[in-house]
Amino acid sequence: MKITIKALMELAVIVHNHSGIVLTKDKAYLIKDRLQPLMEEYGLSSFEDLISRAKGSSQLINHIVDRMTTNETSFFRDKRPFVLLKEKLLPDWQATRKKNCNQLNIWSCACSTGQEVYSIAITLMEYFKTSLSSHHVKIKATDISDSAIVKASRGLYSNYEVSRGLDAAQLKKYFTWEDPHWKIKDELRSMAYFEKMNLLRPEIEYGKFDIIFCRNVAIYFSRTDRQRLFQSLFACLNDNGALIIGATETLFDINEQLKRVDCGGMAYYCHK
Ligand SMILES: C[S@@+](CC[C@H](N)C(=O)[O-])C[C@H]1O[C@@H](n2cnc3c(N)ncnc32)[C@H](O)[C@@H]1O
């Protein structure tokens, strides 16, 4: 099916206004690939029909945004953030937390289908071991994609998905086989709570966090939106908190209030 430049630009505006995701003209193939099946589901025969229907339907807009998100993720993606968590951030949190404060708040703010969340949960389990129950650990897990957040909260993964990042020992220890899926164990699942959230909606009350994972999402935003996002994240980072971004991302020139700390080949950001 053909897509005109005008339709492409209108769809790009809809997606941008509702998610911050920037779609340029060279993404025509992506828009066609991802939205054609949706048009078939809605019985629409042209991109113009899709646009005019979307104007009166927030549900359709949600579906369009959902299809246009890139949910690529894997367990322990890029490995080093989880080593950093275990070897630096958790010991630092224990050393600097206020006396008698056992509350550890972590946020995975574009968690996709949940692999990042459960990688954090496994790292916490491996770090705290038997003392975990004496800590109040909460992982807030959010994403704009309805389908991704539903999958994340179910904690069910295929053989292929668990083969990406988990070793046999971790699989055996932290998952159970429930044909045809691997299910994350309840003790890990219960550390997290899941919410649909658009990170670029300014009215949202984020909360306060000790550690924030914001990886591989800001790359889809404009520079202005990235700046706005990191300013909001910075504002909800506790005094000794740490912000972890994607391996290929940088906050250089984005936020002067944040200090970059290099640690074992991995960087994180904290208050100056
Ligand atoms: C490539 S995945 C990254 C997943 C995970 N953080 C990782 O690094 O493996 C990007 C995620 O960002 C989400 N996303 C895109 N725009 C968003 C927005 N405005 N608010 C919240 N999540 C968004 C997408 O739905 C997608 O699941």
# chains A, B, ... in the order shown; residues from 1 in each chain; ligands from 1
>>> residues_near_ligand(ligand="ligand 1", cutoff="8 Å", atoms="only C-alpha atoms and all ligand atoms", output="number ranges by chain")
A: 18-21, 66, 69-75, 77, 108-116, 142-145, 148, 196-201, 213-218, 220-221, 246
>>> residues_around(residues="segment 4-6 of chain A", least_positions_apart="6", cutoff="9 Å", atoms="only C-alpha atoms", output="ChimeraX atom specification")
/A:25,28,47-48
>>> write_last_selection(atoms="N, CA and C atoms", output="mmCIF file, in the first residue's frame")
data_model
loop_
_atom_site.group_PDB
_atom_site.id
_atom_site.type_symbol
_atom_site.label_atom_id
_atom_site.label_comp_id
_atom_site.auth_asym_id
_atom_site.auth_seq_id
_atom_site.Cartn_x
_atom_site.Cartn_y
_atom_site.Cartn_z
ATOM 1 N N LYS A 25 11.217 11.179 7.415
ATOM 2 C CA LYS A 25 10.745 10.639 6.129
ATOM 3 C C LYS A 25 11.382 9.301 5.783
ATOM 4 N N ALA A 28 9.617 5.758 6.356
ATOM 5 C CA ALA A 28 8.375 5.390 5.664
ATOM 6 C C ALA A 28 8.162 3.873 5.697
ATOM 7 N N PHE A 47 -3.991 5.030 4.314
ATOM 8 C CA PHE A 47 -3.397 5.742 5.447
ATOM 9 C C PHE A 47 -4.203 7.009 5.768
ATOM 10 N N GLU A 48 -4.832 7.579 4.731
ATOM 11 C CA GLU A 48 -5.679 8.761 4.960
ATOM 12 C C GLU A 48 -6.856 8.381 5.869
#
>>> select_by_dssp(residues="segment 24-267 of chain A", states="strand (DSSP E or B)", output="NGL selection string")
:A and (103-108 or 136-143 or 156-157 or 175-178 or 181-184 or 192-196 or 209-214 or 237-245 or 258-263 or 266-267)
>>> residues_around(residues="Asn17 of chain A", least_positions_apart="4", cutoff="12 Å", atoms="only C-alpha atoms", output="VMD selection string")
chain A and resid 10 to 13 21 to 23 61 to 62 64 to 65 198 200 to 201 221 to 222 225
>>> select_by_dssp(residues="segment 63-110 of chain A", states="helix (DSSP H, G or I)", output="CSV table (one decimal) with C-alpha atoms, in the first residue's frame")
chain,number,residue,atom,x,y,z
A,63,HIS,CA,-2.7,1.5,19.1
A,64,ILE,CA,-0.7,3.5,16.6
A,65,VAL,CA,1.8,4.6,19.2
A,66,ASP,CA,2.0,1.0,20.5
A,67,ARG,CA,2.9,-0.3,17.0
A,68,MET,CA,5.4,2.5,16.4
A,80,ARG,CA,27.8,-3.6,32.6
A,81,PRO,CA,24.9,-1.7,34.2
A,82,PHE,CA,24.1,-4.7,36.2
A,83,VAL,CA,27.7,-5.2,37.3
A,84,LEU,CA,27.7,-1.5,38.3
A,85,LEU,CA,24.5,-2.0,40.2
A,86,LYS,CA,25.9,-5.0,42.2
A,87,GLU,CA,29.4,-3.8,42.7
A,88,LYS,CA,29.0,0.0,43.2
A,89,LEU,CA,25.5,1.4,43.4
A,90,LEU,CA,24.0,-1.1,45.9
A,91,PRO,CA,27.1,-1.0,48.3
A,92,ASP,CA,27.0,2.9,48.0
A,93,TRP,CA,23.3,2.9,48.8
A,94,GLN,CA,23.9,0.7,51.9
A,95,ALA,CA,26.7,2.9,53.0
A,96,THR,CA,24.9,6.3,52.6
>>> closest_residue(among="A:Met1, A:Leu156, A:Ile211, A:Ala168", to="Lys32 of chain A", atoms="only C-alpha atoms")
A:Met1
>>> atom_distance(atom1="atom CA of Asn105 of chain A", atom2="atom CA of Ala121 of chain A")
11.8 Å
